[in-house]
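Chemist: Here you go, this is start.csv (CSV, C-alpha atoms).
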```
chain,number,residue,atom,x,y,z
N,1,TYR,CA,-52.4,-17.5,-0.7
N,2,ARG,CA,-49.2,-16.1,1.0
N,3,ASN,CA,-46.5,-16.3,-1.6
N,4,SER,CA,-47.2,-19.9,-2.3
N,5,ARG,CA,-45.7,-21.6,-5.3
N,6,LYS,CA,-47.8,-21.1,-8.4
N,7,GLN,CA,-49.5,-24.2,-9.8
N,8,PRO,CA,-48.1,-25.5,-13.1
N,9,LEU,CA,-50.1,-25.1,-16.3
N,10,CYS,CA,-50.3,-28.0,-18.7
N,11,TYR,CA,-51.7,-28.3,-22.2
N,12,SER,CA,-52.6,-31.2,-24.5
N,13,LYS,CA,-51.3,-31.6,-28.0
N,14,THR,CA,-54.4,-29.6,-29.3
N,15,THR,CA,-53.3,-26.6,-27.1
N,16,ALA,CA,-56.3,-27.1,-24.7
N,17,ARG,CA,-55.8,-26.9,-21.0
N,18,ASP,CA,-55.1,-30.4,-19.6
N,19,TYR,CA,-54.2,-32.2,-16.4
N,20,CYS,CA,-50.6,-32.1,-15.3
N,21,GLY,CA,-48.6,-35.3,-14.9
N,22,PRO,CA,-47.0,-36.2,-11.5
N,23,LYS,CA,-43.5,-34.9,-12.5
N,24,ALA,CA,-45.0,-31.4,-12.6
N,25,TYR,CA,-45.0,-31.6,-8.8
N,26,ARG,CA,-42.4,-32.4,-6.2
N,27,SER,CA,-42.4,-35.9,-4.6
N,28,VAL,CA,-43.2,-36.0,-0.9
N,29,LYS,CA,-42.8,-38.3,2.0
N,30,ASN,CA,-45.5,-40.6,3.4
N,31,TYR,CA,-46.7,-40.5,6.9
N,32,LEU,CA,-47.5,-43.2,9.5
N,33,PHE,CA,-49.6,-42.4,12.6
N,34,ARG,CA,-49.8,-44.8,15.6
N,35,ASN,CA,-53.1,-45.0,17.3
N,36,ARG,CA,-52.5,-44.4,21.1
N,37,GLY,CA,-55.8,-46.1,21.9
N,38,ASN,CA,-57.3,-43.0,23.6
N,39,GLY,CA,-58.6,-41.2,20.5
N,40,THR,CA,-55.3,-39.6,19.6
N,41,PHE,CA,-52.5,-40.5,17.2
N,42,GLU,CA,-48.7,-40.2,17.3
N,43,ASP,CA,-46.7,-39.4,14.2
N,44,VAL,CA,-44.1,-42.2,13.9
N,45,SER,CA,-43.2,-41.6,10.3
N,46,ALA,CA,-39.5,-40.9,11.1
N,47,PRO,CA,-38.8,-43.5,13.7
N,48,SER,CA,-40.6,-46.2,11.7
N,49,GLY,CA,-38.6,-45.4,8.6
N,50,ILE,CA,-41.7,-44.7,6.5
N,51,SER,CA,-40.7,-41.1,5.7
N,52,SER,CA,-37.2,-42.0,4.6
N,53,ASP,CA,-38.3,-42.3,0.9
N,54,THR,CA,-40.4,-39.9,-1.2
N,55,GLY,CA,-42.7,-40.5,-4.1
N,56,HIS,CA,-45.9,-39.4,-5.9
N,57,SER,CA,-48.0,-41.8,-3.9
N,58,LEU,CA,-51.7,-42.5,-4.7
N,59,GLY,CA,-52.6,-46.0,-3.5
N,60,VAL,CA,-51.8,-48.0,-0.4
N,61,VAL,CA,-52.7,-51.5,0.9
N,62,THR,CA,-51.7,-53.1,4.2
N,63,ALA,CA,-51.3,-56.9,4.5
N,64,ASP,CA,-49.0,-59.6,5.7
N,65,LEU,CA,-47.1,-60.0,2.5
N,66,ASN,CA,-44.4,-62.4,3.8
N,67,ALA,CA,-46.7,-64.4,6.0
N,68,ASP,CA,-44.8,-63.8,9.2
N,69,GLY,CA,-47.8,-62.6,11.2
N,70,TRP,CA,-47.0,-58.9,11.0
N,71,THR,CA,-48.6,-56.3,8.7
N,72,ASP,CA,-46.6,-54.9,5.9
N,73,ILE,CA,-47.3,-51.9,3.7
N,74,TYR,CA,-47.4,-51.6,-0.1
N,75,VAL,CA,-47.4,-48.1,-1.6
N,76,ALA,CA,-48.4,-47.4,-5.3
N,77,ASN,CA,-46.5,-44.4,-6.7
N,78,ASP,CA,-47.4,-42.4,-9.8
N,79,GLY,CA,-44.4,-42.6,-12.1
N,80,ASP,CA,-41.9,-43.6,-9.3
N,81,PRO,CA,-40.9,-47.1,-8.1
N,82,ASN,CA,-43.5,-48.6,-5.8
N,83,GLU,CA,-42.6,-49.3,-2.2
N,84,VAL,CA,-42.8,-52.5,-0.2
N,85,TRP,CA,-42.4,-51.7,3.4
N,86,ILE,CA,-41.6,-54.9,5.3
N,87,ASN,CA,-42.5,-54.9,9.0
N,88,LYS,CA,-39.3,-55.6,11.0
N,89,LYS,CA,-41.3,-56.3,14.2
N,90,ASN,CA,-39.6,-53.6,16.2
N,91,GLY,CA,-41.5,-50.6,15.2
N,92,ARG,CA,-39.6,-50.1,12.0
N,93,PHE,CA,-40.2,-50.8,8.4
N,94,GLU,CA,-37.7,-51.4,5.5
N,95,ASN,CA,-38.5,-50.7,1.9
N,96,ASP,CA,-37.6,-53.9,0.1
N,97,ALA,CA,-39.4,-53.1,-3.1
N,98,PHE,CA,-36.5,-53.7,-5.6
N,99,PHE,CA,-35.4,-56.8,-3.8
N,100,SER,CA,-38.9,-58.2,-3.7
N,101,GLY,CA,-39.5,-57.6,-7.4
N,102,ALA,CA,-42.5,-55.3,-7.0
N,103,ALA,CA,-41.0,-51.9,-7.4
N,104,VAL,CA,-41.2,-51.8,-11.2
N,105,ASN,CA,-42.7,-54.0,-13.9
N,106,LYS,CA,-41.0,-56.9,-15.6
N,107,HIS,CA,-39.3,-54.6,-18.0
N,108,GLY,CA,-37.7,-52.6,-15.2
N,109,LYS,CA,-39.9,-49.5,-15.7
N,110,SER,CA,-41.8,-47.5,-13.2
N,111,GLU,CA,-45.5,-47.1,-14.0
N,112,ALA,CA,-48.2,-44.6,-13.1
N,113,SER,CA,-49.5,-46.7,-10.3
N,114,MET,CA,-52.8,-45.6,-8.8
N,115,GLY,CA,-55.2,-48.2,-7.5
N,116,VAL,CA,-53.8,-51.2,-5.6
N,117,ASP,CA,-55.0,-54.3,-3.8
N,118,ALA,CA,-53.7,-57.5,-2.3
N,119,GLY,CA,-55.3,-61.0,-2.4
N,120,ASP,CA,-54.7,-64.7,-3.1
N,121,ILE,CA,-55.7,-65.0,-6.7
N,122,ASN,CA,-54.4,-68.6,-7.2
N,123,LEU,CA,-55.3,-70.2,-3.9
N,124,ASP,CA,-51.7,-70.9,-2.8
N,125,GLY,CA,-52.0,-69.2,0.5
N,126,LYS,CA,-49.9,-66.2,-0.4
N,127,LEU,CA,-51.1,-62.6,-1.1
N,128,ASP,CA,-50.6,-61.3,-4.6
N,129,LEU,CA,-50.7,-57.7,-5.7
N,130,PHE,CA,-52.7,-55.9,-8.5
N,131,ILE,CA,-52.1,-52.3,-9.5
N,132,THR,CA,-53.9,-50.1,-12.0
N,133,HIS,CA,-52.0,-47.7,-14.4
N,134,LEU,CA,-52.3,-45.3,-17.3
N,135,MET,CA,-53.7,-46.2,-20.7
N,136,GLU,CA,-50.2,-46.1,-22.3
N,137,GLU,CA,-49.2,-48.9,-19.9
N,138,THR,CA,-50.8,-52.1,-18.7
N,139,HIS,CA,-52.2,-53.0,-15.3
N,140,THR,CA,-49.8,-55.2,-13.4
N,141,LEU,CA,-50.4,-58.4,-11.5
N,142,TYR,CA,-47.5,-59.5,-9.2
N,143,VAL,CA,-47.8,-63.1,-8.0
N,144,ASN,CA,-46.3,-63.8,-4.6
N,145,GLU,CA,-43.7,-66.7,-4.8
N,146,GLY,CA,-43.3,-66.7,-1.0
N,147,ASP,CA,-41.5,-64.5,1.6
N,148,ALA,CA,-42.8,-61.4,-0.3
N,149,MET,CA,-40.9,-62.2,-3.4
N,150,PHE,CA,-43.0,-61.2,-6.4
N,151,GLU,CA,-43.1,-62.0,-10.2
N,152,ASP,CA,-44.8,-59.8,-12.8
N,153,ILE,CA,-47.1,-62.3,-14.6
N,154,THR,CA,-49.3,-59.7,-16.3
N,155,ASN,CA,-48.8,-60.8,-19.9
N,156,SER,CA,-50.1,-64.3,-19.2
N,157,THR,CA,-53.3,-63.3,-17.3
N,158,ASN,CA,-55.3,-61.2,-19.9
N,159,LEU,CA,-55.3,-58.3,-17.5
N,160,GLY,CA,-52.7,-56.3,-19.4
N,161,LEU,CA,-54.0,-56.6,-23.0
N,162,PRO,CA,-52.0,-54.0,-25.0
N,163,ASP,CA,-55.0,-53.1,-27.3
N,164,VAL,CA,-57.1,-51.9,-24.5
N,165,ARG,CA,-56.3,-48.2,-23.9
N,166,LEU,CA,-57.9,-47.4,-20.5
N,167,THR,CA,-56.6,-45.6,-17.4
N,168,GLY,CA,-57.5,-47.4,-14.2
N,169,PHE,CA,-58.0,-46.0,-10.7
N,170,GLY,CA,-60.1,-47.8,-8.1
N,171,THR,CA,-59.8,-51.6,-8.1
N,172,LEU,CA,-60.3,-54.6,-5.9
N,173,LEU,CA,-59.6,-58.3,-5.9
N,174,PHE,CA,-63.0,-59.7,-4.8
N,175,ASP,CA,-65.3,-62.6,-5.6
N,176,PHE,CA,-68.2,-61.1,-7.5
N,177,ASP,CA,-69.8,-64.5,-8.4
N,178,ASN,CA,-69.0,-66.4,-5.1
N,179,ASP,CA,-67.2,-69.2,-6.8
N,180,GLY,CA,-64.2,-68.9,-4.4
N,181,LEU,CA,-61.8,-67.2,-6.8
N,182,LEU,CA,-60.9,-63.5,-6.6
N,183,ASP,CA,-62.0,-61.5,-9.6
N,184,VAL,CA,-61.0,-57.9,-10.6
N,185,PHE,CA,-63.0,-54.7,-11.0
N,186,ILE,CA,-61.3,-51.6,-12.5
N,187,ALA,CA,-62.8,-48.1,-12.4
N,188,ASN,CA,-61.5,-46.3,-15.5
N,189,GLY,CA,-61.3,-42.6,-16.5
N,190,SER,CA,-58.6,-40.8,-18.5
N,191,VAL,CA,-56.5,-38.0,-17.0
N,192,LYS,CA,-55.5,-36.7,-20.4
N,193,LEU,CA,-57.8,-35.3,-23.0
N,194,LEU,CA,-58.7,-38.1,-25.4
N,195,ARG,CA,-58.2,-37.3,-29.1
N,196,GLU,CA,-61.3,-39.3,-30.1
N,197,VAL,CA,-63.6,-37.0,-28.2
N,198,PHE,CA,-62.7,-33.9,-30.1
N,199,ARG,CA,-65.4,-32.9,-32.5
N,200,PRO,CA,-64.7,-33.5,-36.2
N,201,GLY,CA,-63.5,-30.4,-38.0
N,202,ASN,CA,-62.6,-28.5,-34.8
N,203,SER,CA,-59.8,-30.2,-32.8
N,204,GLY,CA,-59.8,-27.5,-30.2
N,205,THR,CA,-63.4,-27.9,-29.1
N,206,LEU,CA,-64.3,-30.6,-26.6
N,207,ASN,CA,-67.4,-32.7,-26.6
N,208,PRO,CA,-69.0,-31.3,-23.4
N,209,ARG,CA,-70.0,-34.8,-22.1
N,210,TYR,CA,-67.2,-36.5,-20.2
N,211,PRO,CA,-64.2,-35.7,-22.4
N,212,LEU,CA,-62.2,-38.0,-20.3
N,213,GLY,CA,-64.8,-40.8,-20.1
N,214,GLN,CA,-64.0,-44.5,-20.4
N,215,GLN,CA,-65.8,-47.7,-19.6
N,216,ASN,CA,-65.3,-49.6,-16.4
N,217,GLN,CA,-64.2,-53.2,-16.4
N,218,LEU,CA,-64.9,-56.5,-14.7
N,219,PHE,CA,-62.6,-59.5,-15.1
N,220,ARG,CA,-63.6,-63.0,-13.9
N,221,ASN,CA,-61.0,-65.3,-12.5
N,222,VAL,CA,-61.4,-68.6,-14.5
N,223,GLY,CA,-58.5,-70.3,-12.6
N,224,LYS,CA,-54.9,-71.1,-13.4
N,225,GLY,CA,-54.0,-67.4,-13.3
N,226,ILE,CA,-56.2,-66.5,-16.2
N,227,PHE,CA,-58.9,-63.7,-16.2
N,228,GLU,CA,-61.8,-63.2,-18.6
N,229,ASP,CA,-63.2,-59.8,-19.4
N,230,VAL,CA,-66.9,-60.1,-18.7
N,231,SER,CA,-67.7,-56.4,-18.7
N,232,GLY,CA,-70.1,-56.7,-21.6
N,233,ASP,CA,-72.3,-59.0,-19.6
N,234,ALA,CA,-72.1,-57.2,-16.3
N,235,GLY,CA,-74.9,-54.6,-16.8
N,236,GLY,CA,-75.6,-51.4,-18.6
N,237,SER,CA,-73.3,-49.3,-16.4
N,238,PHE,CA,-70.3,-51.1,-17.9
N,239,LEU,CA,-71.3,-49.8,-21.3
N,240,GLU,CA,-71.4,-46.2,-20.3
N,241,LYS,CA,-68.3,-43.9,-20.4
N,242,ARG,CA,-67.6,-42.2,-17.1
N,243,VAL,CA,-64.6,-40.5,-15.5
N,244,SER,CA,-64.5,-43.0,-12.6
N,245,ARG,CA,-62.0,-42.6,-9.8
N,246,GLY,CA,-62.8,-44.2,-6.4
N,247,ALA,CA,-64.4,-47.7,-6.0
N,248,ALA,CA,-65.7,-48.9,-2.6
N,249,PHE,CA,-66.9,-52.4,-2.1
N,250,GLY,CA,-69.3,-54.1,0.3
N,251,ASP,CA,-72.5,-56.0,0.7
N,252,VAL,CA,-74.9,-53.0,0.8
N,253,ASP,CA,-78.1,-55.0,0.8
N,254,ASN,CA,-76.8,-57.9,3.0
N,255,ASP,CA,-77.7,-60.6,0.5
N,256,GLY,CA,-74.4,-62.3,0.4
N,257,ASP,CA,-72.6,-60.8,-2.6
N,258,THR,CA,-70.4,-57.7,-3.1
N,259,ASP,CA,-71.8,-54.5,-4.4
N,260,ILE,CA,-69.7,-51.5,-5.7
N,261,LEU,CA,-70.0,-47.8,-5.1
N,262,VAL,CA,-68.1,-45.9,-7.8
N,263,SER,CA,-67.3,-42.2,-7.6
N,264,ASN,CA,-67.1,-40.2,-10.8
N,265,ASN,CA,-65.3,-37.0,-11.7
N,266,SER,CA,-67.8,-34.4,-12.9
N,267,GLY,CA,-70.7,-36.8,-12.5
N,268,PRO,CA,-72.9,-38.5,-9.9
N,269,ALA,CA,-71.7,-41.6,-7.9
N,270,GLU,CA,-73.1,-44.9,-9.0
N,271,LEU,CA,-74.1,-47.8,-6.8
N,272,LEU,CA,-73.7,-51.1,-8.7
N,273,ILE,CA,-75.9,-53.7,-7.0
N,274,ASN,CA,-74.8,-57.3,-7.5
N,275,ARG,CA,-77.8,-59.4,-8.6
N,276,GLY,CA,-76.1,-62.6,-7.3
N,277,ASN,CA,-76.2,-66.2,-8.4
N,278,GLU,CA,-76.8,-69.7,-7.0
N,279,ASN,CA,-73.4,-70.1,-5.4
N,280,GLY,CA,-73.2,-70.5,-1.6
N,281,TRP,CA,-71.5,-68.0,0.7
N,282,ILE,CA,-70.6,-67.3,4.3
N,283,GLY,CA,-69.9,-64.0,6.0
N,284,PHE,CA,-68.0,-62.9,9.1
N,285,GLN,CA,-67.7,-59.8,11.2
N,286,LEU,CA,-64.6,-60.0,13.3
N,287,THR,CA,-64.8,-57.7,16.3
N,288,ASP,CA,-63.2,-56.8,19.6
N,289,LYS,CA,-65.4,-58.0,22.5
N,290,VAL,CA,-64.8,-55.0,24.7
N,291,SER,CA,-65.0,-52.1,22.2
N,292,GLY,CA,-67.2,-53.8,19.6
N,293,ARG,CA,-64.9,-52.4,16.9
N,294,ASP,CA,-64.1,-54.3,13.7
N,295,LEU,CA,-60.6,-55.9,14.1
N,296,LEU,CA,-59.0,-54.7,10.9
N,297,GLY,CA,-56.0,-56.9,10.1
N,298,ALA,CA,-57.6,-60.1,11.4
N,299,ARG,CA,-57.4,-63.0,8.9
N,300,LEU,CA,-59.6,-65.9,8.0
N,301,GLU,CA,-59.0,-69.3,6.4
N,302,VAL,CA,-62.1,-71.1,5.3
N,303,VAL,CA,-61.0,-74.7,4.8
N,304,LEU,CA,-63.3,-76.7,2.4
N,305,GLU,CA,-63.7,-80.5,2.4
N,306,ASN,CA,-62.4,-80.6,-1.2
N,307,GLY,CA,-59.0,-79.3,0.1
N,308,ARG,CA,-59.3,-75.7,-1.0
N,309,ILE,CA,-58.4,-73.0,1.5
N,310,LEU,CA,-60.0,-69.6,0.9
N,311,GLN,CA,-58.0,-66.8,2.6
N,312,ARG,CA,-59.5,-63.5,3.4
N,313,ARG,CA,-58.9,-60.6,5.8
N,314,ALA,CA,-60.9,-57.9,7.6
N,315,ARG,CA,-59.9,-54.6,6.0
N,316,THR,CA,-61.1,-51.3,4.6
N,317,ASP,CA,-58.0,-50.4,2.6
N,318,GLY,CA,-56.9,-50.9,-1.0
N,319,SER,CA,-58.5,-49.5,-4.2
N,320,TYR,CA,-58.1,-45.7,-4.7
N,321,SER,CA,-59.4,-43.0,-2.3
N,322,SER,CA,-62.0,-45.4,-0.9
N,323,SER,CA,-62.9,-47.4,2.2
N,324,HIS,CA,-64.7,-50.7,2.2
N,325,ASP,CA,-67.1,-52.8,4.2
N,326,PRO,CA,-64.9,-54.4,6.9
N,327,ARG,CA,-66.9,-57.6,7.0
N,328,VAL,CA,-65.4,-60.7,5.3
N,329,LEU,CA,-67.5,-62.4,2.6
N,330,VAL,CA,-66.4,-65.8,1.2
N,331,GLY,CA,-68.0,-67.4,-1.8
N,332,LEU,CA,-68.3,-71.2,-1.6
N,333,GLY,CA,-69.3,-72.2,-5.1
N,334,ARG,CA,-71.9,-74.9,-5.6
N,335,GLY,CA,-71.9,-77.8,-3.1
N,336,ASP,CA,-68.5,-77.0,-1.5
N,337,LYS,CA,-68.8,-77.9,2.2
N,338,ILE,CA,-66.8,-76.2,4.9
N,339,LYS,CA,-64.5,-78.4,7.1
N,340,THR,CA,-63.4,-75.7,9.5
N,341,VAL,CA,-62.8,-71.9,9.8
N,342,ARG,CA,-59.5,-70.7,11.2
N,343,VAL,CA,-59.2,-67.1,12.6
N,344,PHE,CA,-55.9,-65.3,13.0
N,345,TRP,CA,-56.2,-62.3,15.3
N,346,PRO,CA,-53.9,-59.2,15.0
N,347,ASP,CA,-52.1,-60.0,18.2
N,348,GLY,CA,-51.0,-63.5,16.9
N,349,SER,CA,-53.6,-65.6,18.7
N,350,LYS,CA,-55.8,-68.1,16.8
N,351,GLY,CA,-59.3,-69.4,17.0
N,352,VAL,CA,-61.3,-72.1,15.3
N,353,LEU,CA,-64.9,-72.1,14.3
N,354,LEU,CA,-66.3,-75.6,13.6
N,355,ASP,CA,-70.0,-75.0,12.8
N,356,PRO,CA,-70.6,-71.6,11.2
N,357,LYS,CA,-73.9,-70.7,9.7
N,358,LEU,CA,-74.0,-70.7,5.9
N,359,ASN,CA,-75.5,-68.0,3.8
N,360,SER,CA,-75.4,-65.6,6.7
N,361,TYR,CA,-73.0,-63.3,8.6
N,362,ASN,CA,-71.3,-64.8,11.7
N,363,LYS,CA,-70.1,-62.4,14.3
N,364,ILE,CA,-66.9,-63.6,16.0
N,365,SER,CA,-65.5,-61.9,19.1
N,366,PHE,CA,-61.8,-61.5,19.7
N,367,ASP,CA,-61.4,-63.5,22.9
N,368,ALA,CA,-63.9,-66.3,22.4
N,369,GLY,CA,-63.3,-67.4,18.8
N,370,SER,CA,-66.9,-68.7,18.6
N,371,SER,CA,-70.0,-67.7,16.6
N,372,LYS,CA,-72.3,-65.3,18.4
```
Translate this file's structure into structure tokens.
Modeler:
Amino acid sequence: YRNSRKQPLCYSKTTARDYCGPKAYRSVKNYLFRNRGNGTFEDVSAPSGISSDTGHSLGVVTADLNADGWTDIYVANDGDPNEVWINKKNGRFENDAFFSGAAVNKHGKSEASMGVDAGDINLDGKLDLFITHLMEETHTLYVNEGDAMFEDITNSTNLGLPDVRLTGFGTLLFDFDNDGLLDVFIANGSVKLLREVFRPGNSGTLNPRYPLGQQNQLFRNVGKGIFEDVSGDAGGSFLEKRVSRGAAFGDVDNDGDTDILVSNNSGPAELLINRGNENGWIGFQLTDKVSGRDLLGARLEVVLENGRILQRRARTDGSYSSSHDPRVLVGLGRGDKIKTVRVFWPDGSKGVLLDPKLNSYNKISFDAGSSK
């Protein structure tokens, strides 16, 4: 209010007031705060290197992208190259996005990146990346070839179909049907006035009900890097047009499958309850014995007798403007038996759980590595 810069005014092709794109605003640096462990935080943005680059950042996910035991950071930028901050293990990070292949898409173009998540979509033990974008673009899936070297395989997955004009925000790689493969949810909602919602005969008057509304989507991982759009069979909510933004995930009713809370612009939030299936599951809560807090960043490997290894991590990050259930939920399919469960704690130590309880949540403390 004190001589601040005036906000830009943007208009659609019909001369109606519209949202402004990211380039109407200056890019800014990101911040990293170190938890001192006493209820206070220290700004380490400069010494860590995180503030050395700027962008129109919207999404962020933290994960060990190069499998060296240290947490890296991926930043999704709206219209700017994305950032891959590799942890150098000395308090500093380096942005290796262009070298890693995950700064721009396969055509060398920056996209309007918003929602983002990391997960092992092909069961090769490496964390892949999925990012949502504007309707003029495609959502992008980067497969991790190892050592945080990524390849854009969007065109071969059915996740980037050019005839589907939707703008994605909140998203997550999660196993909605508990078959062991990570599926994809996308919360959609336009940021530009849609021409099709203008009333016939009067292009300057908006339909008052959700003029930016679009349908949300659910894609099932059918294996071999292919996804199938099952939105039409996922329930009535997926047939409605909303202006969805955030999407938070967790087992709200503790029945062993993942539910979704969607926040909608100019509308009520929606809680999508997963009705489940006959596939088996196992859950874990990874905590610190002294504080009782969830140990975010801890990682699990559920080793099955058929040779498959299901990798998951305790986290609340990813998606867009959302925080998730920190418990780890692993779908086991039908008849797949567990051989062992390996736990990798944030400090580098390891634990093994030989006899976990199926179809229930197992609490594992940091120092014991045993079910409690």
Chemist: Give me, as a tab-separated table (two decimals) with C-alpha atoms, in the frame of the given file, all polymer residues having an atom no more than 8 Å from region 268-278 of chain N, counting all atoms listed in the file and skipping those fewer than 4 positions away in the same chain.
Modeler:
```tsv
chain	number	residue	atom	x	y	z
N	176	PHE	CA	-68.20	-61.10	-7.50
N	177	ASP	CA	-69.80	-64.50	-8.40
N	178	ASN	CA	-69.00	-66.40	-5.10
N	237	SER	CA	-73.30	-49.30	-16.40
N	252	VAL	CA	-74.90	-53.00	0.80
N	256	GLY	CA	-74.40	-62.30	0.40
N	257	ASP	CA	-72.60	-60.80	-2.60
N	258	THR	CA	-70.40	-57.70	-3.10
N	259	ASP	CA	-71.80	-54.50	-4.40
N	260	ILE	CA	-69.70	-51.50	-5.70
N	261	LEU	CA	-70.00	-47.80	-5.10
N	262	VAL	CA	-68.10	-45.90	-7.80
N	263	SER	CA	-67.30	-42.20	-7.60
N	264	ASN	CA	-67.10	-40.20	-10.80
N	334	ARG	CA	-71.90	-74.90	-5.60
```
Chemist: So that I can check the surroundings of Ser190 (chain N), please list as a PyMOL selection string every protein, DNA and RNA residue that reaches within 7 Å of it, counting only C-alpha atoms and ignoring chain neighbours fewer than 5 positions away.
Modeler: chain N and resi 166-167+212-214+243
Chemist: Keeping only C-alpha atoms, take the residues you just selected and write them out as an mmCIF file, keeping the file's coordinate frame.
Modeler:
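Done, and the output landed in part-v2.cif:
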```cif
data_model
loop_
_atom_site.group_PDB
_atom_site.id
_atom_site.type_symbol
_atom_site.label_atom_id
_atom_site.label_comp_id
_atom_site.auth_asym_id
_atom_site.auth_seq_id
_atom_site.Cartn_x
_atom_site.Cartn_y
_atom_site.Cartn_z
ATOM 1 C CA LEU N 166 -57.900 -47.400 -20.500
ATOM 2 C CA THR N 167 -56.600 -45.600 -17.400
ATOM 3 C CA LEU N 212 -62.200 -38.000 -20.300
ATOM 4 C CA GLY N 213 -64.800 -40.800 -20.100
ATOM 5 C CA GLN N 214 -64.000 -44.500 -20.400
ATOM 6 C CA VAL N 243 -64.600 -40.500 -15.500
#
```
Chemist: Closest to Phe284 (chain N) among N:Phe219, N:Lys363, N:Lys350, N:Ile73, using all atoms listed in the file?
Modeler: N:Lys363
Chemist: Distance CA of Asn122 (chain N)-CA of Gly225 (chain N), one decimal place?
Modeler: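 The value is 6.2 Å.
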Chemist: Which polymer residues have any atom within 7 Å of an atom of Ala76 (chain N), counting only C-alpha atoms, with same-chain residues fewer than 3 positions away left out, as a list in words?
Modeler: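 Residues near the query, excluding close chain neighbours: Ser57, Leu58, Gly59, Val60, Asn82, Glu83, Ser113, Met114 and Val116 of chain N.
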Chemist: Using CA of Asn155 (chain N) and CA of Val84 (chain N) as the two end points, give the distance in Å to one decimal.
Modeler: 22.2 Å
Chemist: Quick one: everything within 12 Å of Phe150 (chain N), counting only C-alpha atoms, minus sequence neighbours fewer than 3 positions away in the same chain. Send it as JSON, numbers by chain.
Modeler: {"N": [65, 66, 84, 96, 97, 98, 99, 100, 101, 102, 103, 104, 105, 106, 126, 127, 128, 129, 130, 140, 141, 142, 143, 144, 145, 146, 147, 153, 154]}
Chemist: Of the candidates N:Thr171, N:Ser291, N:Ser266, N:Asn216, which shows the shortest atom-to-atom distance to Thr132 (chain N), using only C-alpha atoms?
Modeler: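 Checking each of N:Thr171, N:Ser291, N:Ser266, N:Asn216 against Thr132 (chain N), counting only C-alpha atoms, the winner is N:Thr171.
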Chemist: Given all atoms listed in the file as the basis, pick out the residue of N:Ser52, N:Ser231, N:Ser360, N:Ser322 nearest to Glu94 (chain N).
Modeler: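 Checking each candidate against Glu94 (chain N), we get N:Ser52 as the closest.
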Chemist: Hey, can you pull every residue with an atom no more than 9 Å from (-59.9, -42.4, -7.9), using all atoms listed in the file, and send it as a PDB file with C-alpha atoms, in the frame of the given file?
Modeler:
```pdb
ATOM      1  CA  LEU N  58     -51.700 -42.500  -4.700  1.00  0.00           C
ATOM      2  CA  MET N 114     -52.800 -45.600  -8.800  1.00  0.00           C
ATOM      3  CA  GLY N 115     -55.200 -48.200  -7.500  1.00  0.00           C
ATOM      4  CA  GLY N 168     -57.500 -47.400 -14.200  1.00  0.00           C
ATOM      5  CA  PHE N 169     -58.000 -46.000 -10.700  1.00  0.00           C
ATOM      6  CA  GLY N 170     -60.100 -47.800  -8.100  1.00  0.00           C
ATOM      7  CA  ALA N 187     -62.800 -48.100 -12.400  1.00  0.00           C
ATOM      8  CA  ASN N 188     -61.500 -46.300 -15.500  1.00  0.00           C
ATOM      9  CA  GLY N 189     -61.300 -42.600 -16.500  1.00  0.00           C
ATOM     10  CA  SER N 244     -64.500 -43.000 -12.600  1.00  0.00           C
ATOM     11  CA  ARG N 245     -62.000 -42.600  -9.800  1.00  0.00           C
ATOM     12  CA  GLY N 246     -62.800 -44.200  -6.400  1.00  0.00           C
ATOM     13  CA  ALA N 247     -64.400 -47.700  -6.000  1.00  0.00           C
ATOM     14  CA  VAL N 262     -68.100 -45.900  -7.800  1.00  0.00           C
ATOM     15  CA  SER N 263     -67.300 -42.200  -7.600  1.00  0.00           C
ATOM     16  CA  ASN N 264     -67.100 -40.200 -10.800  1.00  0.00           C
ATOM     17  CA  ASN N 265     -65.300 -37.000 -11.700  1.00  0.00           C
ATOM     18  CA  SER N 319     -58.500 -49.500  -4.200  1.00  0.00           C
ATOM     19  CA  TYR N 320     -58.100 -45.700  -4.700  1.00  0.00           C
ATOM     20  CA  SER N 321     -59.400 -43.000  -2.300  1.00  0.00           C
ATOM     21  CA  SER N 322     -62.000 -45.400  -0.900  1.00  0.00           C
TER      22      SER N 322
END
```
Chemist: Applying 8 Å and all atoms listed in the file, which residues near Phe174 (chain N) remain after dropping the ones on its own chain fewer than 5 positions away? List them as a PDB file with C-alpha atoms, in the coordinates of the input.
Modeler:
```pdb
ATOM      1  CA  LEU N 181     -61.800 -67.200  -6.800  1.00  0.00           C
ATOM      2  CA  LEU N 182     -60.900 -63.500  -6.600  1.00  0.00           C
ATOM      3  CA  ASP N 183     -62.000 -61.500  -9.600  1.00  0.00           C
ATOM      4  CA  VAL N 184     -61.000 -57.900 -10.600  1.00  0.00           C
ATOM      5  CA  PHE N 185     -63.000 -54.700 -11.000  1.00  0.00           C
ATOM      6  CA  THR N 258     -70.400 -57.700  -3.100  1.00  0.00           C
TER       7      THR N 258
END
```
